[in-house]
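Everything on this sheet refers to the single structure shown next.
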Amino acid sequence: MYILFFLLWIIFNGQITLEIVVFGILISAAMYAFICKFMDYSFKKEWIVLREAGYIIEYLTVLFWEIVKANMETIRFIIARKHKNQPVLVSFTTDLKTRTAKAILANSITLTPGTITVSLEGNKLVVHCLDKSFSKGLKDSSFVHILRRMEATALKMPPTLKVQEKEEGSGKS
């Protein structure tokens with residue numbers, strides 16, 4: 001984050017001089033100290049995010065590829081019209097533990113053409129598929145495998161570094 005602050009300082013100034021670099025170093029240090037003190041930020045959390053970056057890049061790559069494949073399949077389905085359209089609602093449960101991972105899965109399913117997540121309640125997802133063939137592999141998709149690995153890494157974090165998620169129906173605000 002410190003490097004990001006410094007780079008933003010240099011970019012916003014539009015030129016590099018000794019004075020701008022020195023002030024950039026000092027102001028970036030002050031900003032970093034501020035977020036560490038008042039925004040519950042630390043170098044350890046930053047390191048965890050950097051460690052997770054590989055999973056995030058992998059997930060986004062898989063998501064992009066799945067969107068491309070689903071686009072091609074949807075186009076083929078619409079143009080061919082060889083068989084009758086059989087839309088279907090598929091209901092399945094997931095073993096993902098965090099609400100964040102479940103929401104990412106639901107959004108990823110919705111982003112791929114031909115499928116829309118209708119409902120996400122607890123561990124149960126309901127997905128509308130344009131055709132019965134689009135429902136194959138929803139429960140055990142590549143999205144789920146990567147999200148499981150991300151959760152496993154996140155669950156190994158020390159308790160002080162974990163993001164606090166509110167339990168559903170706990171009444172806490």
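Just so we're on the same page: first chain in the structure tokens is A, next is B, and so on; residues restart at 1 for each chain, and ligands are numbered from 1 in the order they show up.
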
Please identify which residues in chain A DSSP calls strand (DSSP E or B) from the backbone, and express them as number ranges by chain. A: 88-93, 115-121, 124-129

Same residues, N, CA, C and O atoms, output as a PDB file, in the first residue's frame:
ATOM      1  N   VAL A  88     -34.667 -24.789 -17.483  1.00  0.00           N
ATOM      2  CA  VAL A  88     -34.786 -25.566 -16.257  1.00  0.00           C
ATOM      3  C   VAL A  88     -34.272 -24.744 -15.077  1.00  0.00           C
ATOM      4  O   VAL A  88     -33.372 -23.913 -15.221  1.00  0.00           O
ATOM      5  N   LEU A  89     -34.902 -24.947 -13.934  1.00  0.00           N
ATOM      6  CA  LEU A  89     -34.414 -24.387 -12.676  1.00  0.00           C
ATOM      7  C   LEU A  89     -33.668 -25.492 -11.947  1.00  0.00           C
ATOM      8  O   LEU A  89     -34.222 -26.548 -11.674  1.00  0.00           O
ATOM      9  N   VAL A  90     -32.410 -25.233 -11.636  1.00  0.00           N
ATOM     10  CA  VAL A  90     -31.577 -26.218 -10.959  1.00  0.00           C
ATOM     11  C   VAL A  90     -31.338 -25.737  -9.537  1.00  0.00           C
ATOM     12  O   VAL A  90     -30.955 -24.591  -9.314  1.00  0.00           O
ATOM     13  N   SER A  91     -31.541 -26.610  -8.586  1.00  0.00           N
ATOM     14  CA  SER A  91     -31.297 -26.293  -7.184  1.00  0.00           C
ATOM     15  C   SER A  91     -30.191 -27.205  -6.680  1.00  0.00           C
ATOM     16  O   SER A  91     -30.235 -28.420  -6.900  1.00  0.00           O
ATOM     17  N   PHE A  92     -29.192 -26.614  -6.040  1.00  0.00           N
ATOM     18  CA  PHE A  92     -28.119 -27.422  -5.466  1.00  0.00           C
ATOM     19  C   PHE A  92     -27.537 -26.725  -4.244  1.00  0.00           C
ATOM     20  O   PHE A  92     -27.727 -25.530  -4.056  1.00  0.00           O
ATOM     21  N   THR A  93     -26.880 -27.519  -3.414  1.00  0.00           N
ATOM     22  CA  THR A  93     -26.225 -26.960  -2.234  1.00  0.00           C
ATOM     23  C   THR A  93     -24.723 -26.944  -2.472  1.00  0.00           C
ATOM     24  O   THR A  93     -24.179 -27.762  -3.200  1.00  0.00           O
ATOM     25  N   THR A 115     -27.103 -18.740 -17.945  1.00  0.00           N
ATOM     26  CA  THR A 115     -27.440 -19.097 -16.561  1.00  0.00           C
ATOM     27  C   THR A 115     -27.635 -17.833 -15.736  1.00  0.00           C
ATOM     28  O   THR A 115     -26.932 -16.844 -15.938  1.00  0.00           O
ATOM     29  N   ILE A 116     -28.588 -17.888 -14.820  1.00  0.00           N
ATOM     30  CA  ILE A 116     -28.844 -16.771 -13.906  1.00  0.00           C
ATOM     31  C   ILE A 116     -29.101 -17.359 -12.525  1.00  0.00           C
ATOM     32  O   ILE A 116     -29.929 -18.261 -12.370  1.00  0.00           O
ATOM     33  N   THR A 117     -28.406 -16.853 -11.526  1.00  0.00           N
ATOM     34  CA  THR A 117     -28.666 -17.280 -10.151  1.00  0.00           C
ATOM     35  C   THR A 117     -29.926 -16.567  -9.679  1.00  0.00           C
ATOM     36  O   THR A 117     -29.973 -15.345  -9.607  1.00  0.00           O
ATOM     37  N   VAL A 118     -30.941 -17.351  -9.388  1.00  0.00           N
ATOM     38  CA  VAL A 118     -32.232 -16.814  -8.969  1.00  0.00           C
ATOM     39  C   VAL A 118     -32.249 -16.569  -7.471  1.00  0.00           C
ATOM     40  O   VAL A 118     -32.791 -15.576  -6.994  1.00  0.00           O
ATOM     41  N   SER A 119     -31.625 -17.468  -6.719  1.00  0.00           N
ATOM     42  CA  SER A 119     -31.699 -17.374  -5.267  1.00  0.00           C
ATOM     43  C   SER A 119     -30.444 -17.956  -4.635  1.00  0.00           C
ATOM     44  O   SER A 119     -29.879 -18.935  -5.129  1.00  0.00           O
ATOM     45  N   LEU A 120     -30.017 -17.326  -3.557  1.00  0.00           N
ATOM     46  CA  LEU A 120     -28.924 -17.828  -2.728  1.00  0.00           C
ATOM     47  C   LEU A 120     -29.353 -17.659  -1.283  1.00  0.00           C
ATOM     48  O   LEU A 120     -29.413 -16.555  -0.760  1.00  0.00           O
ATOM     49  N   GLU A 121     -29.705 -18.765  -0.658  1.00  0.00           N
ATOM     50  CA  GLU A 121     -30.141 -18.749   0.735  1.00  0.00           C
ATOM     51  C   GLU A 121     -29.367 -19.803   1.495  1.00  0.00           C
ATOM     52  O   GLU A 121     -29.519 -21.001   1.232  1.00  0.00           O
ATOM     53  N   LYS A 124     -27.880 -23.040  -0.225  1.00  0.00           N
ATOM     54  CA  LYS A 124     -28.679 -23.477  -1.368  1.00  0.00           C
ATOM     55  C   LYS A 124     -28.727 -22.400  -2.452  1.00  0.00           C
ATOM     56  O   LYS A 124     -29.059 -21.253  -2.186  1.00  0.00           O
ATOM     57  N   LEU A 125     -28.373 -22.804  -3.666  1.00  0.00           N
ATOM     58  CA  LEU A 125     -28.458 -21.921  -4.825  1.00  0.00           C
ATOM     59  C   LEU A 125     -29.528 -22.446  -5.763  1.00  0.00           C
ATOM     60  O   LEU A 125     -29.642 -23.658  -5.961  1.00  0.00           O
ATOM     61  N   VAL A 126     -30.283 -21.548  -6.348  1.00  0.00           N
ATOM     62  CA  VAL A 126     -31.250 -21.894  -7.385  1.00  0.00           C
ATOM     63  C   VAL A 126     -30.821 -21.132  -8.631  1.00  0.00           C
ATOM     64  O   VAL A 126     -30.669 -19.908  -8.608  1.00  0.00           O
ATOM     65  N   VAL A 127     -30.588 -21.873  -9.716  1.00  0.00           N
ATOM     66  CA  VAL A 127     -30.072 -21.293 -10.950  1.00  0.00           C
ATOM     67  C   VAL A 127     -31.028 -21.603 -12.094  1.00  0.00           C
ATOM     68  O   VAL A 127     -31.449 -22.743 -12.269  1.00  0.00           O
ATOM     69  N   HIS A 128     -31.376 -20.563 -12.867  1.00  0.00           N
ATOM     70  CA  HIS A 128     -32.176 -20.761 -14.069  1.00  0.00           C
ATOM     71  C   HIS A 128     -31.214 -20.957 -15.233  1.00  0.00           C
ATOM     72  O   HIS A 128     -30.303 -20.159 -15.446  1.00  0.00           O
ATOM     73  N   CYS A 129     -31.416 -22.039 -15.992  1.00  0.00           N
ATOM     74  CA  CYS A 129     -30.577 -22.342 -17.151  1.00  0.00           C
ATOM     75  C   CYS A 129     -31.422 -22.242 -18.412  1.00  0.00           C
ATOM     76  O   CYS A 129     -32.565 -22.709 -18.438  1.00  0.00           O
TER      77      CYS A 129
END

I want to know what sits within 8 Å of stretch 75-86 of chain A, based on only C-alpha atoms, with residues of the same chain fewer than 3 positions away left out; could you give that as number ranges by chain? A: 71-72, 130-132

Write out as JSON, numbers by chain all residues of chain A that backbone DSSP assigns to alpha helix (DSSP H). {"A": [2, 3, 4, 5, 6, 7, 8, 9, 10, 11, 12, 13, 18, 19, 20, 21, 22, 23, 24, 25, 26, 27, 28, 29, 30, 31, 32, 33, 34, 35, 36, 37, 38, 43, 44, 45, 46, 47, 48, 49, 50, 51, 52, 53, 54, 55, 56, 57, 58, 59, 60, 61, 62, 63, 64, 65, 66, 67, 68, 69, 70, 71, 72, 73, 74, 75, 76, 77, 78, 79, 80, 99, 100, 101, 102, 103, 104, 105, 106, 107, 108, 109, 110, 111, 142, 143, 144, 145, 146, 147, 148, 149, 150, 151, 152, 153, 154, 155]}

Using only C-alpha atoms, can you tell me which of A:Met150, A:Met1, A:Leu63, A:Glu52 comes closest to A:Asn107?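 Of all the options, A:Leu63 lies closest to A:Asn107.
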
My list of candidates is A:Phe6, A:Phe143, A:Phe12, A:Tyr41. Which is closest to A:Leu105 when distances are computed with only C-alpha atoms?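 Looking only at the distances to A:Leu105, the closest residue turns out to be A:Phe143.
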
Under the rule that only C-alpha atoms are counted, which of A:Gly54, A:Gly24, A:Gly14, A:Gly122 is the nearest residue to A:Lys102? A:Gly122

Between atom CA of A:Gly137 and atom CA of A:Ile104 - distance in Å to one decimal: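 These two atoms are separated by 16.8 Å.
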
What is the atom CA of A:Thr110 to atom CA of A:Thr74 distance in Å?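 Atom CA of A:Thr74 lies at a distance of 13.6 Å from atom CA of A:Thr110.
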
Residues near A:Arg149, anyone? I mean within 12 Å using only C-alpha atoms, not counting same-chain ones fewer than 2 positions away, as a PyMOL selection string. chain A and resi 52+54-56+58-59+96-97+101+142-147+151-156

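Picture a line from atom CA of A:Ile57 to atom CA of A:Pro113; it runs 21.1 Å.
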